Amino acid sequence: MADVTRRRFLVRAIAVMAGAIAAMVGAPAIGYLIGPSSDRSGSGDWIPLGTATSVQPGDPVLMKATVERKSGWLTDSQEVSVFVSTENGQNFTALSNVCTHLGCRVRWVPDQSGFFCPCHNAVFARDGSVATGPPPRPLDSFETKLEDGTIFIKEA
Ligand code: FES
């Protein structure tokens with residue numbers, strides 16, 4: 001009876017130690033394999049656009065930046081284009097150049113003081129609001145900041 005109890009104890013102790021070793025080895029391996037799949041970088045990051053001196057009071061300036069977005073194992077490069085304007089050289093507004101109707105690129109038309117979308121002849125006012133045409137909402141705007149003479153926008 002005492003041998004059987006000792007044998008059971010040893011079998012259980014070995015099983016517990018084997019389980020602990022498997023957990024110590026397996027958990028990091030599983031974390032390594034599935035960890036990147038939950039990694040979503042990019043959202044909420046500040047994106048440098050360019051120097052503040054390149055934007056003077058007056059017409060909006062089209063500025064571009066390349067953004068790297070990481071989603072799981074994949075890293076994707078995207079170009080972001082925004083119209084940046086200022087009235088005082090300190091505070092900046094940034095509007096997307098993508099039309100909110102069907103995604104065509106808008107361009108600034110100085111004569112009309114507005115953004116024109118060539119796809120369905122929409123016009124957006126200087127502040128991005130819809131002046132005429134089918135777009136359902138204003139141009140998307142970005143939060144901006146000025147740091148060490150560089151304009152940044154916050155990724156949505
Ligand atoms: S895509 Fe701009 S108005 Fe239709």
# chains A, B, ... in the order shown; residues from 1 in each chain; ligands from 1

$ residues_around --residues "A:Thr53" --least-positions-apart "2" --cutoff "9 Å" --atoms "only C-alpha atoms" --output "list in words"
Gly50, Thr51, Val55, Gln56, Gly89, Gly149 and Thr150 of chain A

$ residues_near_ligand --ligand "ligand 1" --cutoff "8 Å" --atoms "only C-alpha atoms and all ligand atoms" --output "JSON, numbers by chain"
{"A": [98, 99, 100, 101, 102, 103, 104, 105, 106, 117, 118, 119, 120, 121, 122, 123, 133, 134, 135]}

$ residues_around --residues "stretch 139-146 of chain A" --least-positions-apart "6" --cutoff "8 Å" --atoms "only C-alpha atoms" --output "list in words"
Ala52, Gln90, Asn91, Phe92, Thr93, Ala94, Leu95, Ser96, Asn97, Val98, Cys99, Thr100, Phe124, Gly128, Ser129, Val130, Phe152, Ile153, Lys154, Glu155 and Ala156 of chain A

$ write_last_selection --atoms "C-alpha atoms" --output "compact mmCIF listing (two decimals), in the first residue's frame"
# COMPACT_ATOMS: atom_id res chain seq x y z
CA ALA A 52 6.21 75.44 -40.80
CA GLN A 90 1.61 79.37 -35.42
CA ASN A 91 -1.71 77.57 -35.63
CA PHE A 92 -2.29 75.24 -38.54
CA THR A 93 -5.29 73.43 -39.94
CA ALA A 94 -4.93 70.25 -41.94
CA LEU A 95 -7.60 68.89 -44.25
CA SER A 96 -7.57 65.62 -46.12
CA ASN A 97 -7.41 65.90 -49.88
CA VAL A 98 -9.77 62.94 -50.25
CA CYS A 99 -13.31 63.81 -51.25
CA THR A 100 -15.89 62.46 -48.83
CA PHE A 124 -15.60 72.43 -50.45
CA GLY A 128 -13.56 71.95 -45.55
CA SER A 129 -17.33 72.28 -45.35
CA VAL A 130 -19.40 71.23 -48.35
CA PHE A 152 2.73 67.31 -37.31
CA ILE A 153 -0.71 65.81 -37.85
CA LYS A 154 -2.24 63.19 -35.63
CA GLU A 155 -3.22 60.05 -37.40
CA ALA A 156 -6.90 59.23 -37.03

$ atom_distance --atom1 "atom CA of A:Val84" --atom2 "atom CA of A:Ser71"
28.2 Å

$ closest_residue --among "A:Phe115, A:Ile14, A:Gly26, A:Pro57" --to "A:Asn88" --atoms "only C-alpha atoms"
A:Pro57

$ atom_distance --atom1 "atom CA of A:Leu62" --atom2 "atom CA of A:Ser81"
6.7 Å
